[in-house]
>>> print(open('target.pdb').read())   # PDB, C-alpha atoms
MODEL        1
ATOM      1  CA  LYS A1083       0.000   0.000   0.000  1.00  0.00           C
ATOM      2  CA  GLU A1084       2.879   2.363   0.696  1.00  0.00           C
ATOM      3  CA  GLU A1085       6.333   2.836  -0.687  1.00  0.00           C
ATOM      4  CA  ASP A1086       8.782   0.383   0.828  1.00  0.00           C
ATOM      5  CA  GLU A1087      11.878  -1.502  -0.169  1.00  0.00           C
ATOM      6  CA  LEU A1088      10.238  -4.955  -0.179  1.00  0.00           C
ATOM      7  CA  ALA A1089       7.503  -3.847  -2.604  1.00  0.00           C
ATOM      8  CA  GLU A1090      10.087  -2.318  -4.913  1.00  0.00           C
ATOM      9  CA  LEU A1091      12.240  -5.464  -4.837  1.00  0.00           C
ATOM     10  CA  ALA A1092       9.202  -7.602  -5.644  1.00  0.00           C
ATOM     11  CA  ALA A1093       8.295  -5.346  -8.572  1.00  0.00           C
ATOM     12  CA  GLU A1094      11.889  -5.401  -9.789  1.00  0.00           C
ATOM     13  CA  SER A1095      11.870  -9.208  -9.737  1.00  0.00           C
ATOM     14  CA  LEU A1096       8.596  -9.324 -11.661  1.00  0.00           C
ATOM     15  CA  CYS A1097      10.077  -6.999 -14.315  1.00  0.00           C
ATOM     16  CA  GLU A1098      12.453  -9.821 -15.204  1.00  0.00           C
ATOM     17  CA  PHE A1099       9.675 -12.414 -15.318  1.00  0.00           C
ATOM     18  CA  THR A1100       8.727 -13.654 -18.783  1.00  0.00           C
ATOM     19  CA  ASP A1101       5.609 -15.683 -18.020  1.00  0.00           C
ATOM     20  CA  GLU A1102       3.047 -14.667 -20.652  1.00  0.00           C
ATOM     21  CA  SER A1103       0.124 -14.979 -18.226  1.00  0.00           C
ATOM     22  CA  MET A1104       1.555 -12.485 -15.724  1.00  0.00           C
ATOM     23  CA  PRO A1105       0.533  -9.221 -17.500  1.00  0.00           C
ATOM     24  CA  ALA A1106      -3.100 -10.296 -17.755  1.00  0.00           C
ATOM     25  CA  GLU A1107      -3.114 -11.288 -14.089  1.00  0.00           C
ATOM     26  CA  LEU A1108      -1.655  -7.937 -13.056  1.00  0.00           C
ATOM     27  CA  LEU A1109      -4.203  -6.074 -15.170  1.00  0.00           C
ATOM     28  CA  LYS A1110      -7.016  -7.958 -13.414  1.00  0.00           C
ATOM     29  CA  ARG A1111      -5.738  -6.733 -10.066  1.00  0.00           C
ATOM     30  CA  TYR A1112      -4.903  -3.180 -11.143  1.00  0.00           C
ATOM     31  CA  ASP A1113      -8.253  -1.449 -10.493  1.00  0.00           C
ATOM     32  CA  HIS A1114      -8.463  -2.690  -6.907  1.00  0.00           C
ATOM     33  CA  ALA A1115      -4.833  -1.967  -6.063  1.00  0.00           C
ATOM     34  CA  PRO A1116      -3.806   1.042  -3.959  1.00  0.00           C
ATOM     35  CA  GLU A1117      -2.263   3.985  -5.833  1.00  0.00           C
ATOM     36  CA  TYR A1118       1.312   2.984  -5.001  1.00  0.00           C
ATOM     37  CA  ALA A1119       0.740  -0.616  -6.081  1.00  0.00           C
ATOM     38  CA  GLN A1120      -0.751   0.650  -9.353  1.00  0.00           C
ATOM     39  CA  SER A1121       2.450   2.563 -10.075  1.00  0.00           C
ATOM     40  CA  LEU A1122       4.504  -0.608  -9.493  1.00  0.00           C
ATOM     41  CA  ILE A1123       2.149  -2.676 -11.651  1.00  0.00           C
ATOM     42  CA  LEU A1124       2.533  -0.165 -14.480  1.00  0.00           C
ATOM     43  CA  ASP A1125       6.311  -0.280 -14.113  1.00  0.00           C
ATOM     44  CA  ILE A1126       6.151  -4.043 -14.633  1.00  0.00           C
ATOM     45  CA  LEU A1127       3.612  -3.862 -17.463  1.00  0.00           C
ATOM     46  CA  ALA A1128       5.714  -1.297 -19.329  1.00  0.00           C
ATOM     47  CA  ASN A1129       7.976  -4.251 -20.166  1.00  0.00           C
ATOM     48  CA  PHE A1130       5.173  -5.858 -22.184  1.00  0.00           C
ATOM     49  CA  PRO A1131       4.599  -3.530 -25.169  1.00  0.00           C
ATOM     50  CA  LEU A1132       2.092  -5.822 -26.847  1.00  0.00           C
ATOM     51  CA  GLN A1133      -0.172  -6.122 -23.807  1.00  0.00           C
ATOM     52  CA  GLU A1134      -3.598  -4.683 -24.593  1.00  0.00           C
ATOM     53  CA  GLY A1135      -4.864  -1.972 -22.245  1.00  0.00           C
ATOM     54  CA  VAL A1136      -1.531  -0.904 -20.753  1.00  0.00           C
ATOM     55  CA  TYR A1137      -1.082   2.161 -22.948  1.00  0.00           C
ATOM     56  CA  GLU A1138      -4.424   3.598 -21.835  1.00  0.00           C
ATOM     57  CA  LEU A1139      -3.512   3.175 -18.161  1.00  0.00           C
ATOM     58  CA  LEU A1140      -0.139   4.850 -18.688  1.00  0.00           C
ATOM     59  CA  GLU A1141      -1.738   7.704 -20.621  1.00  0.00           C
ATOM     60  CA  ASP A1142      -4.299   8.229 -17.877  1.00  0.00           C
ATOM     61  CA  LYS A1143      -1.619   8.396 -15.173  1.00  0.00           C
ATOM     62  CA  LEU A1144       0.538  10.752 -17.224  1.00  0.00           C
ATOM     63  CA  ARG A1145      -2.392  13.051 -17.959  1.00  0.00           C
ATOM     64  CA  TYR A1146      -4.006  13.152 -14.500  1.00  0.00           C
ATOM     65  CA  HIS A1147      -1.104  12.762 -12.069  1.00  0.00           C
ATOM     66  CA  PRO A1148       1.151  15.773 -12.686  1.00  0.00           C
ATOM     67  CA  GLU A1149       2.983  15.163  -9.399  1.00  0.00           C
ATOM     68  CA  GLN A1150       4.443  12.000 -10.982  1.00  0.00           C
ATOM     69  CA  ARG A1151       4.771  13.271 -14.535  1.00  0.00           C
ATOM     70  CA  ALA A1152       8.468  12.400 -14.855  1.00  0.00           C
ATOM     71  CA  TYR A1153       7.916   8.836 -13.642  1.00  0.00           C
ATOM     72  CA  TYR A1154       5.027   8.113 -15.992  1.00  0.00           C
ATOM     73  CA  ALA A1155       6.817   9.760 -18.931  1.00  0.00           C
ATOM     74  CA  SER A1156       9.719   7.360 -18.363  1.00  0.00           C
ATOM     75  CA  LEU A1157       7.309   4.388 -18.283  1.00  0.00           C
ATOM     76  CA  ILE A1158       5.664   5.505 -21.537  1.00  0.00           C
ATOM     77  CA  ALA A1159       9.115   5.718 -23.126  1.00  0.00           C
ATOM     78  CA  LYS A1160       9.902   2.205 -21.884  1.00  0.00           C
ATOM     79  CA  PHE A1161       6.552   0.915 -23.173  1.00  0.00           C
ATOM     80  CA  GLY A1162       7.425   2.351 -26.586  1.00  0.00           C
ATOM     81  CA  ASP A1163       4.008   3.238 -27.990  1.00  0.00           C
ATOM     82  CA  PRO A1164       4.204   6.185 -30.414  1.00  0.00           C
ATOM     83  CA  ARG A1165       0.544   7.028 -29.758  1.00  0.00           C
ATOM     84  CA  ALA A1166       1.869   8.903 -26.723  1.00  0.00           C
ATOM     85  CA  LEU A1167       3.749  11.478 -28.804  1.00  0.00           C
ATOM     86  CA  GLU A1168       0.858  13.905 -29.119  1.00  0.00           C
ATOM     87  CA  LEU A1169       0.180  13.902 -25.372  1.00  0.00           C
ATOM     88  CA  LEU A1170       3.872  14.198 -24.514  1.00  0.00           C
ATOM     89  CA  LYS A1171       4.250  17.195 -26.831  1.00  0.00           C
ATOM     90  CA  GLU A1172       1.185  18.786 -25.273  1.00  0.00           C
ATOM     91  CA  LEU A1173       2.499  18.293 -21.740  1.00  0.00           C
ATOM     92  CA  ILE A1174       6.040  19.485 -22.387  1.00  0.00           C
ATOM     93  CA  ASP A1175       4.735  22.961 -23.218  1.00  0.00           C
ATOM     94  CA  LEU A1176       2.625  23.400 -20.068  1.00  0.00           C
ATOM     95  CA  PRO A1177       3.735  26.321 -17.900  1.00  0.00           C
ATOM     96  CA  ASP A1178       3.770  24.201 -14.710  1.00  0.00           C
ATOM     97  CA  VAL A1179       6.318  21.712 -16.086  1.00  0.00           C
ATOM     98  CA  GLY A1180       9.458  21.804 -13.965  1.00  0.00           C
ATOM     99  CA  TYR A1181      12.934  20.927 -15.093  1.00  0.00           C
ATOM    100  CA  VAL A1182      12.892  17.245 -14.059  1.00  0.00           C
ATOM    101  CA  ASP A1183       9.498  16.682 -15.708  1.00  0.00           C
ATOM    102  CA  TYR A1184      10.709  18.504 -18.812  1.00  0.00           C
ATOM    103  CA  ILE A1185      13.791  16.289 -19.119  1.00  0.00           C
ATOM    104  CA  GLU A1186      11.742  13.075 -18.824  1.00  0.00           C
ATOM    105  CA  LEU A1187       9.079  14.315 -21.251  1.00  0.00           C
ATOM    106  CA  ARG A1188      11.777  15.337 -23.714  1.00  0.00           C
ATOM    107  CA  ASN A1189      13.534  11.951 -23.374  1.00  0.00           C
ATOM    108  CA  ALA A1190      10.237  10.123 -23.919  1.00  0.00           C
ATOM    109  CA  ILE A1191       9.476  12.132 -27.054  1.00  0.00           C
ATOM    110  CA  GLU A1192      12.930  11.419 -28.466  1.00  0.00           C
ATOM    111  CA  THR A1193      12.739   7.726 -27.504  1.00  0.00           C
ATOM    112  CA  LEU A1194       9.447   7.404 -29.383  1.00  0.00           C
ATOM    113  CA  GLY A1195      10.961   9.042 -32.472  1.00  0.00           C
ATOM    114  CA  GLY A1196       9.452  12.497 -32.090  1.00  0.00           C
ATOM    115  CA  ASP A1197      10.935  15.976 -32.127  1.00  0.00           C
ATOM    116  CA  PRO A1198      10.604  17.721 -28.749  1.00  0.00           C
ATOM    117  CA  GLY A1199      11.207  21.145 -30.286  1.00  0.00           C
ATOM    118  CA  GLU A1200      13.511  23.854 -29.050  1.00  0.00           C
ATOM    119  CA  GLU A1201      15.005  23.454 -25.602  1.00  0.00           C
ATOM    120  CA  ARG A1202      13.531  25.573 -22.837  1.00  0.00           C
ATOM    121  CA  THR A1203      15.447  27.302 -20.082  1.00  0.00           C
ATOM    122  CA  PHE A1204      14.597  26.825 -16.433  1.00  0.00           C
ATOM    123  CA  TYR A1205      16.450  29.583 -14.622  1.00  0.00           C
ATOM    124  CA  GLY A1206      15.062  29.809 -11.119  1.00  0.00           C
ATOM    125  CA  ASP A1207      13.794  26.206 -11.050  1.00  0.00           C
ATOM    126  CA  PRO A1208      15.438  24.625  -7.952  1.00  0.00           C
ATOM    127  CA  ASP A1209      16.209  21.327  -9.711  1.00  0.00           C
ATOM    128  CA  TYR A1210      17.697  23.124 -12.708  1.00  0.00           C
ATOM    129  CA  GLU A1211      19.816  25.389 -10.503  1.00  0.00           C
ATOM    130  CA  ALA A1212      21.056  22.392  -8.495  1.00  0.00           C
ATOM    131  CA  MET A1213      22.087  20.563 -11.678  1.00  0.00           C
ATOM    132  CA  ARG A1214      23.617  23.685 -13.202  1.00  0.00           C
ATOM    133  CA  ASN A1215      25.829  24.202 -10.137  1.00  0.00           C
ATOM    134  CA  VAL A1216      27.148  20.637 -10.162  1.00  0.00           C
TER     135      VAL A1216
ENDMDL
END
>>> encode(input="target.pdb", output="structure tokens")
Amino acid sequence: KEEDELAELAAESLCEFTDESMPAELLKRYDHAPEYAQSLILDILANFPLQEGVYELLEDKLRYHPEQRAYYASLIAKFGDPRALELLKELIDLPDVGYVDYIELRNAIETLGGDPGEERTFYGDPDYEAMRNV
């Protein structure tokens, strides 16, 4: 239910699993899983690009959970579905996109074969300033 090391290790192990029945079983359990478990399930399912229904779940999370935008952008890139390009390009231009989100959105667009456009500057963004001073 909450972030912990054991849950992350279990999800990591399942990412390496190749049983073809596992994605369907995880999808069955997705709707009744707590928010944190859903994020882990999607991390696992992102390794199965042919699994029906996963793209829609990833798109929903990316669109409606801006606090985890970077995470879900990275999962969409891993999933590899070019249908996400339009949404990613829409999100990258939002005024509330911070530096870390911007980098992940940009990487996802490039990974999926799209053009993220001209680079933006993020002077004043705490994450950008921290990286710039390293």
>>> closest_residue(input="target.pdb", among="A:Leu1132, A:Ala1106, A:Leu1176, A:Leu1139", to="Gln1120 of chain A", atoms="all atoms listed in the file")
A:Leu1139
>>> resolve_selection(input="target.pdb", expression="the PyMOL selection byres ((chain A and resi 1121) around 12)", output="PyMOL selection string")
chain A and resi 1083-1085+1089-1090+1093+1108+1112-1113+1115-1120+1122-1128+1136+1139-1140+1142-1144+1147+1150-1151+1153-1154+1157
>>> axis_aligned_box(input="target.pdb", around="segment 1093-1100 of chain A", padding_each_side="8 Å", output="JSON")
{"center_x": 10.4, "center_y": -9.5, "center_z": -13.7, "size_x": 20.2, "size_y": 24.3, "size_z": 26.2}
>>> resolve_selection(input="target.pdb", expression="the PyMOL selection byres ((chain A and resi 1163) around 12)", output="NGL selection string")
:A and (1128-1138 or 1140-1141 or 1155-1162 or 1164-1170 or 1190-1191 or 1193-1196)
>>> atom_distance(input="target.pdb", atom1="atom CA of Tyr1146 of chain A", atom2="atom CA of Arg1111 of chain A")
20.4 Å
>>> atom_distance(input="target.pdb", atom1="atom CA of Thr1203 of chain A", atom2="atom CA of Pro1148 of chain A")
19.8 Å
>>> atom_distance(input="target.pdb", atom1="atom CA of Leu1096 of chain A", atom2="atom CA of Lys1110 of chain A")
15.8 Å
>>> resolve_selection(input="target.pdb", expression="the PyMOL selection byres ((chain A and resi 1182) around 8)", output="number ranges by chain")
A: 1152, 1180-1181, 1183-1186, 1209-1210
>>> write_last_selection(input="target.pdb", atoms="C-alpha atoms", output="PDB file, in the coordinates of the input")
ATOM      1  CA  ALA A1152       8.468  12.400 -14.855  1.00  0.00           C
ATOM      2  CA  GLY A1180       9.458  21.804 -13.965  1.00  0.00           C
ATOM      3  CA  TYR A1181      12.934  20.927 -15.093  1.00  0.00           C
ATOM      4  CA  ASP A1183       9.498  16.682 -15.708  1.00  0.00           C
ATOM      5  CA  TYR A1184      10.709  18.504 -18.812  1.00  0.00           C
ATOM      6  CA  ILE A1185      13.791  16.289 -19.119  1.00  0.00           C
ATOM      7  CA  GLU A1186      11.742  13.075 -18.824  1.00  0.00           C
ATOM      8  CA  ASP A1209      16.209  21.327  -9.711  1.00  0.00           C
ATOM      9  CA  TYR A1210      17.697  23.124 -12.708  1.00  0.00           C
TER      10      TYR A1210
END
>>> closest_residue(input="target.pdb", among="A:Leu1187, A:Ala1092, A:Cys1097, A:Ala1212", to="Asp1175 of chain A", atoms="all atoms listed in the file")
A:Leu1187
>>> decode(input="target.pdb", residues="segment 1191-1206 of chain A", atoms="N, CA, C and O atoms", output="PDB file, in the first residue's frame")
ATOM      1  N   ILE A1191       9.778  11.727 -25.677  1.00  0.00           N
ATOM      2  CA  ILE A1191       9.476  12.132 -27.054  1.00  0.00           C
ATOM      3  C   ILE A1191      10.571  11.645 -27.992  1.00  0.00           C
ATOM      4  O   ILE A1191      10.290  11.074 -29.052  1.00  0.00           O
ATOM      5  N   GLU A1192      11.811  11.857 -27.627  1.00  0.00           N
ATOM      6  CA  GLU A1192      12.930  11.419 -28.466  1.00  0.00           C
ATOM      7  C   GLU A1192      12.980   9.901 -28.593  1.00  0.00           C
ATOM      8  O   GLU A1192      13.220   9.365 -29.675  1.00  0.00           O
ATOM      9  N   THR A1193      12.728   9.188 -27.487  1.00  0.00           N
ATOM     10  CA  THR A1193      12.739   7.726 -27.504  1.00  0.00           C
ATOM     11  C   THR A1193      11.694   7.179 -28.465  1.00  0.00           C
ATOM     12  O   THR A1193      11.924   6.189 -29.153  1.00  0.00           O
ATOM     13  N   LEU A1194      10.545   7.853 -28.517  1.00  0.00           N
ATOM     14  CA  LEU A1194       9.447   7.404 -29.383  1.00  0.00           C
ATOM     15  C   LEU A1194       9.589   7.924 -30.816  1.00  0.00           C
ATOM     16  O   LEU A1194       8.704   7.716 -31.633  1.00  0.00           O
ATOM     17  N   GLY A1195      10.695   8.606 -31.105  1.00  0.00           N
ATOM     18  CA  GLY A1195      10.961   9.042 -32.472  1.00  0.00           C
ATOM     19  C   GLY A1195      10.424  10.409 -32.832  1.00  0.00           C
ATOM     20  O   GLY A1195      10.410  10.794 -33.992  1.00  0.00           O
ATOM     21  N   GLY A1196       9.998  11.168 -31.830  1.00  0.00           N
ATOM     22  CA  GLY A1196       9.452  12.497 -32.090  1.00  0.00           C
ATOM     23  C   GLY A1196      10.483  13.590 -31.905  1.00  0.00           C
ATOM     24  O   GLY A1196      11.595  13.361 -31.433  1.00  0.00           O
ATOM     25  N   ASP A1197      10.096  14.793 -32.280  1.00  0.00           N
ATOM     26  CA  ASP A1197      10.935  15.976 -32.127  1.00  0.00           C
ATOM     27  C   ASP A1197      10.368  16.812 -30.990  1.00  0.00           C
ATOM     28  O   ASP A1197       9.258  17.334 -31.107  1.00  0.00           O
ATOM     29  N   PRO A1198      11.117  16.969 -29.888  1.00  0.00           N
ATOM     30  CA  PRO A1198      10.604  17.721 -28.749  1.00  0.00           C
ATOM     31  C   PRO A1198      10.626  19.237 -28.937  1.00  0.00           C
ATOM     32  O   PRO A1198      10.160  19.978 -28.084  1.00  0.00           O
ATOM     33  N   GLY A1199      11.157  19.704 -30.035  1.00  0.00           N
ATOM     34  CA  GLY A1199      11.207  21.145 -30.286  1.00  0.00           C
ATOM     35  C   GLY A1199      12.416  21.782 -29.629  1.00  0.00           C
ATOM     36  O   GLY A1199      13.313  21.113 -29.142  1.00  0.00           O
ATOM     37  N   GLU A1200      12.395  23.117 -29.625  1.00  0.00           N
ATOM     38  CA  GLU A1200      13.511  23.854 -29.050  1.00  0.00           C
ATOM     39  C   GLU A1200      13.588  23.651 -27.542  1.00  0.00           C
ATOM     40  O   GLU A1200      12.570  23.551 -26.879  1.00  0.00           O
ATOM     41  N   GLU A1201      14.817  23.626 -27.040  1.00  0.00           N
ATOM     42  CA  GLU A1201      15.005  23.454 -25.602  1.00  0.00           C
ATOM     43  C   GLU A1201      14.561  24.701 -24.860  1.00  0.00           C
ATOM     44  O   GLU A1201      14.747  25.816 -25.326  1.00  0.00           O
ATOM     45  N   ARG A1202      13.953  24.484 -23.699  1.00  0.00           N
ATOM     46  CA  ARG A1202      13.531  25.573 -22.837  1.00  0.00           C
ATOM     47  C   ARG A1202      14.589  25.826 -21.773  1.00  0.00           C
ATOM     48  O   ARG A1202      15.399  24.953 -21.474  1.00  0.00           O
ATOM     49  N   THR A1203      14.556  27.000 -21.210  1.00  0.00           N
ATOM     50  CA  THR A1203      15.447  27.302 -20.082  1.00  0.00           C
ATOM     51  C   THR A1203      14.625  27.278 -18.799  1.00  0.00           C
ATOM     52  O   THR A1203      13.425  27.543 -18.817  1.00  0.00           O
ATOM     53  N   PHE A1204      15.290  26.974 -17.718  1.00  0.00           N
ATOM     54  CA  PHE A1204      14.597  26.825 -16.433  1.00  0.00           C
ATOM     55  C   PHE A1204      15.297  27.592 -15.317  1.00  0.00           C
ATOM     56  O   PHE A1204      15.334  27.140 -14.180  1.00  0.00           O
ATOM     57  N   TYR A1205      15.816  28.766 -15.657  1.00  0.00           N
ATOM     58  CA  TYR A1205      16.450  29.583 -14.622  1.00  0.00           C
ATOM     59  C   TYR A1205      15.460  29.832 -13.496  1.00  0.00           C
ATOM     60  O   TYR A1205      14.307  30.159 -13.724  1.00  0.00           O
ATOM     61  N   GLY A1206      15.924  29.626 -12.273  1.00  0.00           N
ATOM     62  CA  GLY A1206      15.062  29.809 -11.119  1.00  0.00           C
ATOM     63  C   GLY A1206      14.423  28.523 -10.625  1.00  0.00           C
ATOM     64  O   GLY A1206      14.000  28.441  -9.478  1.00  0.00           O
TER      65      GLY A1206
END
